[in-house]
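Data file: model_35.txt. Format and content: compact mmCIF, C-alpha atoms.
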```txt
# COMPACT_ATOMS: atom_id res chain seq x y z
CA MET A 1 -16.19 22.06 27.64
CA ASP A 2 -14.52 25.46 27.69
CA ASP A 3 -16.31 28.06 29.83
CA LEU A 4 -15.94 30.72 27.11
CA ILE A 5 -17.55 28.53 24.46
CA VAL A 6 -20.44 27.44 26.70
CA THR A 7 -21.23 31.05 27.68
CA GLY A 8 -20.79 32.15 24.06
CA THR A 9 -23.23 29.51 22.83
CA ILE A 10 -25.86 30.45 25.43
CA ALA A 11 -25.42 34.16 24.59
CA LEU A 12 -25.81 33.43 20.87
CA VAL A 13 -28.98 31.40 21.40
CA ILE A 14 -30.48 34.26 23.46
CA PHE A 15 -29.32 36.82 20.85
CA TYR A 16 -30.91 34.97 17.93
CA ALA A 17 -34.07 34.21 19.95
CA GLY A 18 -34.32 37.95 20.64
CA LEU A 19 -33.90 38.74 16.94
CA LEU A 20 -36.59 36.19 16.06
CA PHE A 21 -38.94 37.65 18.68
CA ILE A 22 -38.46 41.20 17.38
CA THR A 23 -38.97 40.06 13.76
CA CYS A 24 -42.19 38.22 14.69
CA ALA A 25 -43.45 41.23 16.67
CA VAL A 26 -42.81 43.57 13.71
CA LEU A 27 -44.51 41.20 11.27
CA TYR A 28 -47.52 40.80 13.57
CA LEU A 29 -47.78 44.58 13.94
CA CYS A 30 -47.71 44.97 10.15
CA TYR A 31 -50.47 42.37 9.89
CA VAL A 32 -52.64 44.21 12.44
CA VAL A 33 -52.05 47.57 10.72
CA ILE A 34 -52.94 46.18 7.28
CA THR A 35 -56.10 44.41 8.53
CA SER A 36 -57.18 47.56 10.39
CA ILE A 37 -56.77 49.57 7.16
CA LEU A 38 -58.66 46.97 5.11
CA SER A 39 -61.51 46.82 7.65
CA ALA A 40 -61.64 50.62 7.64
CA ASP A 41 -61.17 50.58 11.43
CA HIS A 42 -59.37 53.91 11.51
CA GLY A 43 -59.56 54.17 15.29
CA LEU A 44 -57.49 51.02 15.75
CA PHE A 45 -55.14 52.05 12.94
CA LEU A 46 -54.47 55.45 14.52
CA LEU A 47 -54.02 53.87 17.95
CA ILE A 48 -51.37 51.47 16.62
CA ILE A 49 -49.55 54.18 14.65
CA GLY A 50 -49.61 56.40 17.74
CA CYS A 51 -48.16 53.62 19.89
CA ILE A 52 -45.43 52.95 17.32
CA LEU A 53 -44.50 56.64 17.11
CA TYR A 54 -44.50 56.94 20.92
CA ALA A 55 -42.33 53.82 21.38
CA GLY A 56 -39.99 54.96 18.59
CA ALA A 57 -39.60 58.41 20.12
CA LEU A 58 -38.92 56.89 23.55
CA TYR A 59 -36.35 54.50 22.07
CA GLY A 60 -34.63 57.26 20.09
CA ALA A 61 -34.61 59.68 23.03
CA THR A 62 -33.09 57.04 25.35
CA GLY A 63 -30.29 56.32 22.85
CA PHE A 64 -29.71 60.04 22.32
CA LEU A 65 -29.51 60.69 26.08
CA LEU A 66 -27.16 57.75 26.67
CA ARG A 67 -24.81 59.09 23.98
CA LYS A 68 -25.14 62.66 25.20
CA LYS A 69 -24.21 61.55 28.74
CA GLY A 70 -21.23 59.62 27.36
CA ILE A 71 -22.47 56.22 28.58
CA ILE A 72 -22.37 54.79 25.07
CA MET B 1 15.14 34.44 30.72
CA SER B 2 11.46 33.73 30.07
CA HIS B 3 9.49 32.40 27.14
CA VAL B 4 6.68 34.56 25.75
CA LEU B 5 3.96 33.48 23.33
CA ILE B 6 2.60 36.41 21.32
CA SER B 7 -0.36 36.05 19.03
CA PRO B 8 -1.75 38.92 16.91
CA LEU B 9 -5.02 38.84 15.01
CA ASN B 10 -4.71 38.85 11.23
CA TRP B 11 -7.52 41.29 10.36
CA GLY B 12 -5.32 43.69 8.43
CA LEU B 13 -1.72 44.25 9.44
CA GLY B 14 -2.42 46.71 12.24
CA HIS B 15 -2.29 44.20 15.07
CA ALA B 16 0.97 42.65 13.90
CA THR B 17 2.72 45.98 13.30
CA ARG B 18 1.83 47.45 16.69
CA ASP B 19 3.27 44.32 18.32
CA ILE B 20 6.66 44.93 16.66
CA PRO B 21 7.94 47.32 19.38
CA VAL B 22 6.66 44.96 22.10
CA ILE B 23 8.47 41.96 20.56
CA ARG B 24 11.62 44.04 20.05
CA THR B 25 11.62 45.08 23.71
CA LEU B 26 11.14 41.48 24.87
CA LEU B 27 14.07 40.37 22.69
CA ASP B 28 16.19 43.26 23.96
CA HIS B 29 15.63 41.91 27.48
CA ASN B 30 16.85 38.49 26.30
CA HIS B 31 13.50 36.70 26.47
CA ASP B 32 12.54 33.99 24.01
CA VAL B 33 9.59 34.94 21.85
CA THR B 34 7.34 32.56 19.91
CA ILE B 35 4.96 34.20 17.45
CA ALA B 36 1.70 32.39 16.73
CA ALA B 37 -0.21 34.00 13.88
CA CYS B 38 -1.42 33.40 10.35
CA GLY B 39 -1.57 35.02 6.91
CA ASN B 40 0.08 38.36 6.24
CA ALA B 41 0.51 39.07 9.97
CA LEU B 42 2.75 36.02 10.23
CA LEU B 43 4.67 36.95 7.05
CA VAL B 44 5.36 40.49 8.26
CA LEU B 45 6.59 39.32 11.67
CA LYS B 46 8.74 36.57 10.08
CA LYS B 47 10.45 39.23 7.98
CA GLU B 48 10.90 41.53 10.96
CA PHE B 49 12.11 38.92 13.48
CA PRO B 50 13.71 36.00 11.60
CA ALA B 51 15.36 34.76 14.81
CA CYS B 52 12.04 34.13 16.62
CA SER B 53 10.12 30.84 16.60
CA PHE B 54 6.89 30.79 14.61
CA ILE B 55 3.68 28.78 14.77
CA GLU B 56 0.95 28.86 12.11
CA PHE B 57 -2.13 29.64 14.21
CA PRO B 58 -5.35 30.28 12.24
CA ASP B 59 -7.71 32.93 13.56
CA TYR B 60 -11.24 34.05 12.70
CA PRO B 61 -12.95 34.71 9.38
CA THR B 62 -13.06 38.44 8.64
CA PRO B 63 -16.65 39.68 8.67
CA TYR B 64 -15.89 42.51 6.21
CA SER B 65 -18.60 43.25 3.72
CA SER B 66 -18.43 44.42 0.13
CA SER B 67 -21.32 46.75 0.85
CA ARG B 68 -22.23 49.12 3.65
CA PHE B 69 -24.03 46.29 5.46
CA PHE B 70 -21.28 45.43 7.88
CA LEU B 71 -23.46 44.94 10.96
CA PRO B 72 -25.98 42.42 9.54
CA LYS B 73 -23.09 40.42 8.13
CA LEU B 74 -21.30 40.56 11.47
CA ALA B 75 -24.45 39.35 13.27
CA ALA B 76 -24.84 36.50 10.78
CA SER B 77 -21.22 35.47 11.20
CA PHE B 78 -21.40 35.03 15.01
CA PRO B 79 -21.80 31.21 14.91
CA ALA B 80 -18.78 30.88 12.59
CA LEU B 81 -16.84 33.25 14.85
CA LEU B 82 -17.71 31.19 17.93
CA GLN B 83 -16.70 27.98 16.14
CA ALA B 84 -13.39 29.62 15.17
CA ILE B 85 -12.79 30.64 18.81
CA ALA B 86 -13.53 27.05 19.90
CA ASN B 87 -10.94 25.79 17.37
CA GLU B 88 -8.54 28.48 18.55
CA ARG B 89 -8.88 27.30 22.18
CA LYS B 90 -8.24 23.71 21.11
CA THR B 91 -5.15 24.63 19.06
CA LEU B 92 -3.86 26.84 21.87
CA GLY B 93 -4.11 23.87 24.25
CA GLN B 94 -1.95 21.84 21.87
CA ILE B 95 0.59 24.69 21.53
CA LEU B 96 0.84 25.11 25.30
CA ALA B 97 1.23 21.35 25.80
CA ARG B 98 4.23 21.24 23.44
CA ASN B 99 6.28 23.96 25.14
CA ARG B 100 6.67 25.89 28.38
CA TYR B 101 5.55 29.54 28.30
CA ASP B 102 5.75 32.15 31.06
CA LEU B 103 3.50 34.74 29.48
CA ILE B 104 0.86 34.86 26.75
CA ILE B 105 0.27 38.12 24.88
CA SER B 106 -2.88 38.11 22.77
CA ASP B 107 -3.48 40.98 20.39
CA ASN B 108 -7.24 41.01 19.98
CA ARG B 109 -7.52 37.20 19.86
CA LEU B 110 -10.30 36.45 22.30
CA GLY B 111 -9.51 32.78 22.80
CA VAL B 112 -5.77 33.15 23.37
CA TYR B 113 -5.47 32.97 27.16
CA SER B 114 -4.75 30.34 29.75
CA VAL B 115 -5.91 29.91 33.31
CA LYS B 116 -2.48 28.48 34.22
CA ILE B 117 -0.22 31.02 32.47
CA PRO B 118 -0.42 34.81 32.93
CA SER B 119 -2.20 36.22 29.90
CA VAL B 120 -2.43 39.80 28.70
CA PHE B 121 -4.70 41.20 26.02
CA ILE B 122 -3.81 44.11 23.72
CA THR B 123 -6.72 46.09 22.36
CA HIS B 124 -7.65 49.69 21.64
CA GLN B 125 -11.37 48.84 21.68
CA LEU B 126 -12.71 48.54 25.18
CA HIS B 127 -15.97 49.94 23.92
CA PHE B 128 -17.55 49.04 20.58
CA HIS B 129 -19.25 51.79 18.66
CA PHE B 130 -22.56 51.14 16.89
CA PRO B 131 -24.95 53.47 15.07
CA LEU B 132 -27.32 55.23 17.50
CA TYR B 133 -30.33 53.08 16.56
CA PHE B 134 -28.40 50.03 17.84
CA TRP B 135 -27.81 51.53 21.29
CA PRO B 136 -29.08 48.44 23.20
CA VAL B 137 -26.49 46.35 21.32
CA GLU B 138 -23.76 48.82 22.31
CA LEU B 139 -24.79 48.53 25.98
CA LEU B 140 -24.84 44.75 25.70
CA ALA B 141 -21.42 44.73 24.02
CA LEU B 142 -19.97 46.54 27.04
CA ARG B 143 -20.99 43.64 29.28
CA VAL B 144 -19.73 41.06 26.78
CA ASN B 145 -16.39 42.87 26.59
CA GLY B 146 -16.17 42.95 30.40
CA TYR B 147 -16.82 39.20 30.53
CA LEU B 148 -14.10 38.54 27.93
CA HIS B 149 -11.61 40.81 29.72
CA GLU B 150 -12.07 38.81 32.94
CA LYS B 151 -10.20 35.97 31.27
CA PHE B 152 -7.00 38.04 31.13
CA ASP B 153 -4.66 39.32 33.83
CA ASN B 154 -4.09 42.68 32.14
CA ILE B 155 -5.68 44.62 29.32
CA ILE B 156 -3.11 46.75 27.52
CA VAL B 157 -4.52 49.69 25.60
CA PRO B 158 -2.16 51.28 23.06
CA ASP B 159 -3.60 54.73 23.64
CA ASN B 160 -3.23 57.64 26.03
CA PRO B 161 -5.44 57.48 29.17
CA PRO B 162 -9.04 58.72 28.75
CA GLY B 163 -9.03 62.47 28.42
CA PRO B 164 -8.30 65.14 25.84
CA ALA B 165 -5.31 63.27 24.34
CA ALA B 166 -6.99 59.85 23.93
CA LEU B 167 -6.67 59.10 20.20
CA ALA B 168 -9.43 56.49 20.16
CA GLY B 169 -11.92 58.59 22.15
CA LYS B 170 -14.66 56.52 23.72
CA LEU B 171 -13.35 53.31 22.15
CA SER B 172 -10.49 53.16 24.64
CA ARG B 173 -12.58 54.20 27.64
CA PRO B 174 -13.14 51.40 30.19
CA SER B 175 -16.81 51.31 31.13
CA VAL B 176 -17.14 48.18 33.26
CA GLU B 177 -15.40 47.26 36.50
CA ALA B 178 -13.84 44.05 35.14
CA THR B 179 -12.05 46.08 32.47
CA ARG B 180 -11.23 49.06 34.69
CA LYS B 181 -9.27 47.03 37.23
CA ARG B 182 -7.17 45.30 34.55
CA VAL B 183 -6.50 48.12 32.14
CA PHE B 184 -3.08 49.65 31.48
CA PHE B 185 -2.81 52.61 29.11
CA ALA B 186 0.48 52.12 27.34
CA GLY B 187 0.34 55.16 25.05
CA ILE B 188 0.84 54.80 21.30
CA LEU B 189 2.64 51.70 20.02
CA ALA B 190 3.64 52.18 16.40
CA GLY B 191 5.69 49.73 14.39
CA ILE B 192 7.46 52.50 12.48
CA GLU B 193 10.16 54.97 13.43
CA ARG B 194 10.93 58.54 12.58
CA LEU B 195 13.69 58.81 9.95
CA ASP B 196 15.99 61.70 9.22
CA VAL B 197 14.85 62.23 5.62
CA PRO B 198 13.74 65.36 3.75
CA SER B 199 10.00 66.07 3.41
CA ASP B 200 10.08 66.03 -0.38
CA LEU B 201 6.75 64.33 -1.00
CA ASP B 202 3.68 66.57 -1.05
CA HIS B 203 1.03 63.85 -0.80
CA LEU B 204 1.19 60.16 -0.03
CA ILE B 205 -1.98 58.23 -0.79
CA MET B 206 -2.17 54.87 0.94
CA ILE B 207 -4.92 52.65 -0.44
CA SER B 208 -5.22 49.79 2.02
CA GLY B 209 -7.64 47.67 3.97
CA PRO B 210 -9.73 44.63 3.18
CA GLU B 211 -11.01 43.83 -0.28
CA PRO B 212 -13.23 44.66 -2.09
CA GLN B 213 -13.30 48.12 -0.48
CA ARG B 214 -9.58 48.56 -1.20
CA THR B 215 -10.19 48.22 -4.97
CA ARG B 216 -13.26 50.47 -4.74
CA LEU B 217 -11.15 53.22 -3.13
CA GLU B 218 -8.45 52.75 -5.78
CA GLU B 219 -11.09 53.31 -8.49
CA ILE B 220 -12.29 56.47 -6.75
CA LEU B 221 -8.88 57.96 -5.94
CA LEU B 222 -6.69 57.24 -8.97
CA PRO B 223 -8.67 59.39 -11.44
CA GLN B 224 -8.46 62.30 -8.97
CA VAL B 225 -4.70 62.15 -8.35
CA SER B 226 -3.94 64.20 -11.48
CA SER B 227 -5.72 67.15 -9.84
CA LEU B 228 -3.02 67.31 -7.15
CA VAL B 229 -0.08 69.61 -7.53
CA GLY B 230 3.49 68.81 -6.47
CA ASN B 231 5.29 65.55 -5.97
CA ASN B 232 2.89 62.71 -5.09
CA ALA B 233 2.96 58.97 -4.52
CA VAL B 234 0.21 56.37 -4.43
CA LEU B 235 0.62 53.06 -2.59
CA LEU B 236 -1.92 50.58 -3.90
CA GLY B 237 -1.28 48.09 -1.08
CA SER B 238 -2.13 45.14 -3.28
CA PRO B 239 0.28 42.17 -2.99
CA ALA B 240 -1.02 40.97 -6.39
CA LYS B 241 0.42 44.13 -7.98
CA GLU B 242 3.89 43.76 -6.46
CA GLY B 243 6.51 45.16 -8.81
CA LEU B 244 4.10 47.56 -10.52
CA ARG B 245 5.53 51.05 -10.71
CA THR B 246 3.93 53.64 -12.93
CA ILE B 247 5.55 57.03 -13.08
CA THR B 248 3.73 60.01 -14.53
CA PRO B 249 4.77 63.65 -14.14
CA GLY B 250 4.29 64.48 -10.46
CA CYS B 251 3.02 61.07 -9.42
CA THR B 252 4.43 57.61 -8.80
CA VAL B 253 2.02 54.69 -8.38
CA ILE B 254 3.50 51.75 -6.50
CA GLY B 255 1.65 48.42 -6.53
CA TYR B 256 3.00 47.08 -3.29
CA ALA B 257 5.69 48.47 -1.03
CA SER B 258 7.83 46.69 1.54
CA THR B 259 7.56 47.89 5.14
CA ALA B 260 10.88 49.76 4.80
CA GLN B 261 9.70 51.52 1.61
CA LYS B 262 6.40 52.42 3.23
CA VAL B 263 8.11 53.85 6.31
CA ASP B 264 10.44 55.91 4.09
CA LEU B 265 7.51 57.31 2.07
CA MET B 266 5.49 58.10 5.20
CA ASN B 267 8.45 59.94 6.71
CA ARG B 268 8.93 61.96 3.52
CA ALA B 269 5.27 62.88 3.08
CA LYS B 270 3.96 66.29 4.08
CA CYS B 271 0.36 65.08 3.87
CA ILE B 272 -1.01 61.53 4.07
CA ILE B 273 -4.32 60.29 2.68
CA CYS B 274 -5.32 56.96 4.21
CA ARG B 275 -8.03 54.83 5.83
CA SER B 276 -8.93 55.84 9.37
CA GLY B 277 -7.60 52.66 10.96
CA TYR B 278 -6.29 53.04 14.49
CA THR B 279 -2.81 51.79 13.58
CA SER B 280 -2.51 54.47 10.88
CA MET B 281 -3.40 57.04 13.52
CA MET B 282 -0.69 55.80 15.88
CA GLU B 283 1.79 55.97 12.99
CA LEU B 284 0.81 59.56 12.22
CA ALA B 285 1.20 60.42 15.90
CA GLU B 286 4.60 58.71 16.02
CA LEU B 287 5.80 60.68 12.98
CA ASP B 288 4.27 63.93 14.25
CA LYS B 289 2.39 64.47 11.00
CA ARG B 290 0.24 67.58 10.96
CA CYS B 291 -1.72 67.00 7.75
CA ALA B 292 -3.78 63.96 6.82
CA LEU B 293 -7.06 63.12 5.19
CA PHE B 294 -8.95 60.10 6.51
CA ILE B 295 -11.29 57.98 4.41
CA PRO B 296 -13.18 55.45 6.58
CA THR B 297 -13.92 52.01 5.17
CA PRO B 298 -17.70 52.03 4.54
CA GLY B 299 -19.62 49.99 7.09
CA GLN B 300 -16.71 49.67 9.51
CA THR B 301 -18.20 51.38 12.52
CA GLU B 302 -14.84 51.68 14.30
CA GLN B 303 -13.24 53.60 11.42
CA GLU B 304 -16.34 55.72 11.00
CA TYR B 305 -16.24 56.66 14.69
CA LEU B 306 -12.49 57.39 14.63
CA SER B 307 -12.96 59.66 11.59
CA TRP B 308 -15.75 61.52 13.33
CA HIS B 309 -13.74 61.77 16.58
CA ASN B 310 -10.68 63.21 14.81
CA LYS B 311 -12.78 65.75 12.97
CA GLU B 312 -14.62 66.70 16.15
CA LYS B 313 -11.35 67.23 18.00
CA GLY B 314 -9.99 69.34 15.14
CA TRP B 315 -7.05 66.96 14.65
CA PHE B 316 -7.62 65.56 11.15
CA TYR B 317 -10.27 66.00 8.48
CA SER B 318 -12.12 63.01 7.05
CA GLU B 319 -14.52 62.39 4.21
CA SER B 320 -16.58 59.45 3.01
CA GLN B 321 -15.20 57.77 -0.11
CA TYR B 322 -18.58 58.31 -1.78
CA ARG B 323 -18.31 62.11 -1.44
CA LEU B 324 -14.58 62.46 -1.94
CA ASP B 325 -13.20 65.42 -3.90
CA LEU B 326 -9.46 65.16 -3.34
CA ALA B 327 -8.46 68.72 -4.25
CA ARG B 328 -11.26 70.29 -2.16
CA ASP B 329 -10.86 67.93 0.81
CA LEU B 330 -7.08 68.34 0.97
CA ALA B 331 -7.50 72.10 1.12
CA ILE B 332 -9.80 71.60 4.14
CA ALA B 333 -7.41 69.03 5.67
CA GLN B 334 -4.65 71.67 5.71
CA THR B 335 -6.67 73.72 8.18
CA TYR B 336 -6.67 70.98 10.85
CA ALA B 337 -4.06 70.95 13.64
CA GLY B 338 -2.88 67.34 13.90
CA PHE B 339 -2.53 65.37 17.14
CA PRO B 340 -1.44 67.12 20.34
CA PRO B 341 2.15 66.39 21.48
CA MET B 342 2.46 63.02 23.20
CA GLN B 343 4.98 60.48 24.43
CA LYS B 344 6.28 58.24 21.63
CA THR B 345 6.53 54.48 21.20
CA HIS B 346 10.10 54.14 22.45
CA GLU B 347 9.29 55.48 25.94
CA ASN B 348 5.82 53.88 25.99
CA VAL B 349 7.00 50.37 25.27
CA GLN B 350 9.75 50.65 27.89
CA ARG B 351 7.18 51.75 30.48
CA LEU B 352 4.89 48.89 29.42
CA TYR B 353 7.71 46.44 29.93
CA ASP B 354 8.76 47.85 33.31
CA GLU B 355 5.29 48.29 34.77
CA VAL B 356 3.43 45.26 33.37
CA LEU B 357 5.35 42.64 31.40
CA ALA B 358 8.44 42.47 33.63
CA GLY B 359 6.19 41.46 36.53
CA TYR B 360 5.46 38.16 34.81
CA LEU B 361 8.98 37.47 33.54
CA THR B 362 12.21 36.47 35.20
```

Encoded form (structure tokens):
Amino acid sequence: MDDLIVTGTIALVIFYAGLLFITCAVLYLCYVVITSILSADHGLFLLIIGCILYAGALYGATGFLLRKKGII
Amino acid sequence: MSHVLISPLNWGLGHATRDIPVIRTLLDHNHDVTIAACGNALLVLKKEFPACSFIEFPDYPTPYSSSRFFLPKLAASFPALLQAIANERKTLGQILARNRYDLIISDNRLGVYSVKIPSVFITHQLHFHFPLYFWPVELLALRVNGYLHEKFDNIIVPDNPPGPAALAGKLSRPSVEATRKRVFFAGILAGIERLDVPSDLDHLIMISGPEPQRTRLEEILLPQVSSLVGNNAVLLGSPAKEGLRTITPGCTVIGYASTAQKVDLMNRAKCIICRSGYTSMMELAELDKRCALFIPTPGQTEQEYLSWHNKEKGWFYSESQYRLDLARDLAIAQTYAGFPPMQKTHENVQRLYDEVLAGYLT
């Protein structure tokens, strides 16, 4: 089979597996946040929100820096 | 005398039209040229070069979206795209088995290369642009592009080398080693020529691009045309409306224009309003136009980047079709400087032939 097609198929499988993983992680996080709100466990809720905000800021800052430096 | 197979992608006419000067140069040097394409790209090249041989060669489904959601649709269409490339490889094998070729020129068709025949790839996008929140995808796409470029002997970029005069900005900047060692910056390659005609048209509005966004832009622009002063023309770019010609005081609306008509109108226009496709930009550069207003196709990240880049450089103004106010935006567009002076297609294509293509041909 053609090298391009084999590599393309493997790359696609990894790409979609990655998408599925991220979707599951987001859904799980939503579940944990909702249960923490319902159980009135505000400590856990704040911890999760804090982690999300921190990760989001890190992600955004990395993208911003990469663009600023002309890498992307 | 050598035999060249040239195959442009049929996503709009841009790829086919920028190949016109390349094909013309090959024919001028007495080489045989076979054109393998499909759809409108094939029709245009058949009209332009009736003496060439032609092969119907289907390409990939266009992942254009009717909404702004271009990226999710593109991601969902990857399996179909890969299947289409697999079919393309199979068909190419059959084409190559039927005839002897000395060189393959692929214009943005990823599967059109051979390990046995020298293959060159024409593209202005060495670097894909994505919205900032997709930065990991943009990094990944650089590697994917590098991998794809390894399949070709040369990568021909129809743009000036990276620097202040690069029309495509970061899009035409090689970022990985595999691309860097194969790249050749040819300069602009436009399928149209400068004509000695008077500039008697104040505004030329070219409504083009994939449906349904073409119709959407027509609905937005036509009601605003009456606000323009002077002598104006609107090209609807819809083959279904061929023959339509509505003339009102100060404005002529043309359903569909032939290439010759379009070139004449573009030469006569003082100011051009069009989509921010890269081919349109090369045509403006070729004609030395100083005034234009760009309207990017919503969701097409490449056009959105090119619009932003032109505005940032102070070359041409652009505005989203959702916020367009023709009279106001044209007044702003007049304040922009246009592209810096650059070498034109005639010299560029000759240099491309001498420095790259001739090396593979006898």

### Message
Env of region 5-10 of chain A: 8 Å cut, atoms = only C-alpha atoms, seq-sep filter 5 positions within chain, self excluded. Answer as a ChimeraX atom specification.
### Response
/B:82,85-86

### Message
Applying 8 Å and all atoms listed in the file, which residues near Ala327 (chain B) remain after dropping the ones on its own chain fewer than 2 positions away? List them as a VMD selection string.
### Response
chain B and resid 224 227 to 228 325 329 to 331

### Summary
Expressed in Å, the length from CA of Pro61 (chain B) to CA of Ala141 (chain B) is 19.7 Å

### Message
So the first atom is CA of Leu58 (chain A) and the second is CA of Gly70 (chain A); what is the distance between them in Å, to one decimal place?
### Response
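According to the coordinates, CA of Leu58 (chain A) and CA of Gly70 (chain A) are separated by 18.3 Å.
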
Once 3 Å is added on each side, what centre and edge lengths in Å to one decimal does the axis-aligned box around all listed atoms of region 50-60 of chain A have, as JSON?
```
{"center_x": -42.1, "center_y": 55.7, "center_z": 20.3, "size_x": 21.0, "size_y": 11.5, "size_z": 12.4}
```

Given only C-alpha atoms, how would the per-residue table for chain A near chain B read, listing every residue at most 9 Å away with its closest atom pair and distance in Å to one decimal, sorted by chain and number, as a tab-separated table?
```
residue	atom	partner	partner_atom	distance
A:Asp2	CA	B:Ala86	CA	8.0
A:Leu4	CA	B:Gly111	CA	8.0
A:Ile5	CA	B:Ala86	CA	6.3
A:Gly8	CA	B:Leu82	CA	6.9
A:Thr9	CA	B:Leu82	CA	7.6
A:Leu12	CA	B:Phe78	CA	7.5
A:Tyr59	CA	B:Tyr133	CA	8.3
A:Gly60	CA	B:Tyr133	CA	7.0
A:Thr62	CA	B:Trp135	CA	8.6
A:Gly63	CA	B:Trp135	CA	5.6
A:Phe64	CA	B:Leu132	CA	7.2
A:Leu66	CA	B:Trp135	CA	8.2
A:Arg67	CA	B:Leu132	CA	7.9
A:Gly70	CA	B:Lys170	CA	8.1
A:Ile71	CA	B:Ser175	CA	7.9
A:Ile72	CA	B:Glu138	CA	6.7
```

So that I have them on file, write out the residues from the current selection with C-alpha atoms, as a PDB file, in the frame of the given file.
```pdb
ATOM      1  CA  ASP A   2     -14.520  25.460  27.690  1.00  0.00           C
ATOM      2  CA  LEU A   4     -15.940  30.720  27.110  1.00  0.00           C
ATOM      3  CA  ILE A   5     -17.550  28.530  24.460  1.00  0.00           C
ATOM      4  CA  GLY A   8     -20.790  32.150  24.060  1.00  0.00           C
ATOM      5  CA  THR A   9     -23.230  29.510  22.830  1.00  0.00           C
ATOM      6  CA  LEU A  12     -25.810  33.430  20.870  1.00  0.00           C
ATOM      7  CA  TYR A  59     -36.350  54.500  22.070  1.00  0.00           C
ATOM      8  CA  GLY A  60     -34.630  57.260  20.090  1.00  0.00           C
ATOM      9  CA  THR A  62     -33.090  57.040  25.350  1.00  0.00           C
ATOM     10  CA  GLY A  63     -30.290  56.320  22.850  1.00  0.00           C
ATOM     11  CA  PHE A  64     -29.710  60.040  22.320  1.00  0.00           C
ATOM     12  CA  LEU A  66     -27.160  57.750  26.670  1.00  0.00           C
ATOM     13  CA  ARG A  67     -24.810  59.090  23.980  1.00  0.00           C
ATOM     14  CA  GLY A  70     -21.230  59.620  27.360  1.00  0.00           C
ATOM     15  CA  ILE A  71     -22.470  56.220  28.580  1.00  0.00           C
ATOM     16  CA  ILE A  72     -22.370  54.790  25.070  1.00  0.00           C
TER      17      ILE A  72
END
```

### Message
Between CA of Tyr16 (chain A) and CA of Arg143 (chain B), what distance in Å does the model show, to one decimal?
### Response
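Separation between CA of Tyr16 (chain A) and CA of Arg143 (chain B): 17.4 Å.
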
#### Entry: Option closest in space to Tyr113 (chain B), from B:Ile188, B:His149, B:Asn99, B:Pro21 [counting all atoms listed in the file]
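Selected residue with least distance to Tyr113 (chain B): B:His149.
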
### Query
Using only C-alpha atoms, which of the listed residues (B:Ala37, B:Leu265, B:His31, B:Gln343) sits closest to Asp102 (chain B)?
B:His31

### Query
Could you pull the residues within 12 Å of Leu13 (chain B), counting only C-alpha atoms, minus those fewer than 5 positions along the same chain, as a list in words?
Pro8, Arg18, Asp19, Ile20, Ala37, Cys38, Gly39, Asn40, Ala41, Leu42, Leu43, Val44, Leu45, Asp107, Ala190, Gly191, Ser208, Gly209, Pro210, Gly237, Thr259, Gly277, Tyr278, Thr279 and Ser280 of chain B

Take the residues just selected and output them with C-alpha atoms as an mmCIF file, keeping the file's coordinate frame.
```
data_model
loop_
_atom_site.group_PDB
_atom_site.id
_atom_site.type_symbol
_atom_site.label_atom_id
_atom_site.label_comp_id
_atom_site.auth_asym_id
_atom_site.auth_seq_id
_atom_site.Cartn_x
_atom_site.Cartn_y
_atom_site.Cartn_z
ATOM 1 C CA PRO B 8 -1.750 38.920 16.910
ATOM 2 C CA ARG B 18 1.830 47.450 16.690
ATOM 3 C CA ASP B 19 3.270 44.320 18.320
ATOM 4 C CA ILE B 20 6.660 44.930 16.660
ATOM 5 C CA ALA B 37 -0.210 34.000 13.880
ATOM 6 C CA CYS B 38 -1.420 33.400 10.350
ATOM 7 C CA GLY B 39 -1.570 35.020 6.910
ATOM 8 C CA ASN B 40 0.080 38.360 6.240
ATOM 9 C CA ALA B 41 0.510 39.070 9.970
ATOM 10 C CA LEU B 42 2.750 36.020 10.230
ATOM 11 C CA LEU B 43 4.670 36.950 7.050
ATOM 12 C CA VAL B 44 5.360 40.490 8.260
ATOM 13 C CA LEU B 45 6.590 39.320 11.670
ATOM 14 C CA ASP B 107 -3.480 40.980 20.390
ATOM 15 C CA ALA B 190 3.640 52.180 16.400
ATOM 16 C CA GLY B 191 5.690 49.730 14.390
ATOM 17 C CA SER B 208 -5.220 49.790 2.020
ATOM 18 C CA GLY B 209 -7.640 47.670 3.970
ATOM 19 C CA PRO B 210 -9.730 44.630 3.180
ATOM 20 C CA GLY B 237 -1.280 48.090 -1.080
ATOM 21 C CA THR B 259 7.560 47.890 5.140
ATOM 22 C CA GLY B 277 -7.600 52.660 10.960
ATOM 23 C CA TYR B 278 -6.290 53.040 14.490
ATOM 24 C CA THR B 279 -2.810 51.790 13.580
ATOM 25 C CA SER B 280 -2.510 54.470 10.880
#
```

#### Entry: Of the listed residues B:Glu88, B:Asp202, B:Glu177, B:Glu283, that which approaches Lys344 (chain B) most closely, counting only C-alpha atoms
B:Glu283

### Message
Show me, as a ChimeraX atom specification, the residues that have an atom within 12 Å of Cys52 (chain B) when counting only C-alpha atoms, minus same-chain residues fewer than 5 positions from it.
### Response
/B:3-6,23-24,26-27,30-36,42,45-47

### Task
May I ask which of the residues A:Phe45, A:Asp3, A:Lys69, A:Phe15 is the closest one to Leu29 (chain A), counting only C-alpha atoms?
A:Phe45

### Message
List as a ChimeraX atom specification the protein and nucleic acid residues near Ser36 (chain A), meaning an atom at most 12 Å away when only C-alpha atoms are counted, but skip any in the same chain fewer than 4 places from it.
### Response
/A:29-32,40-49
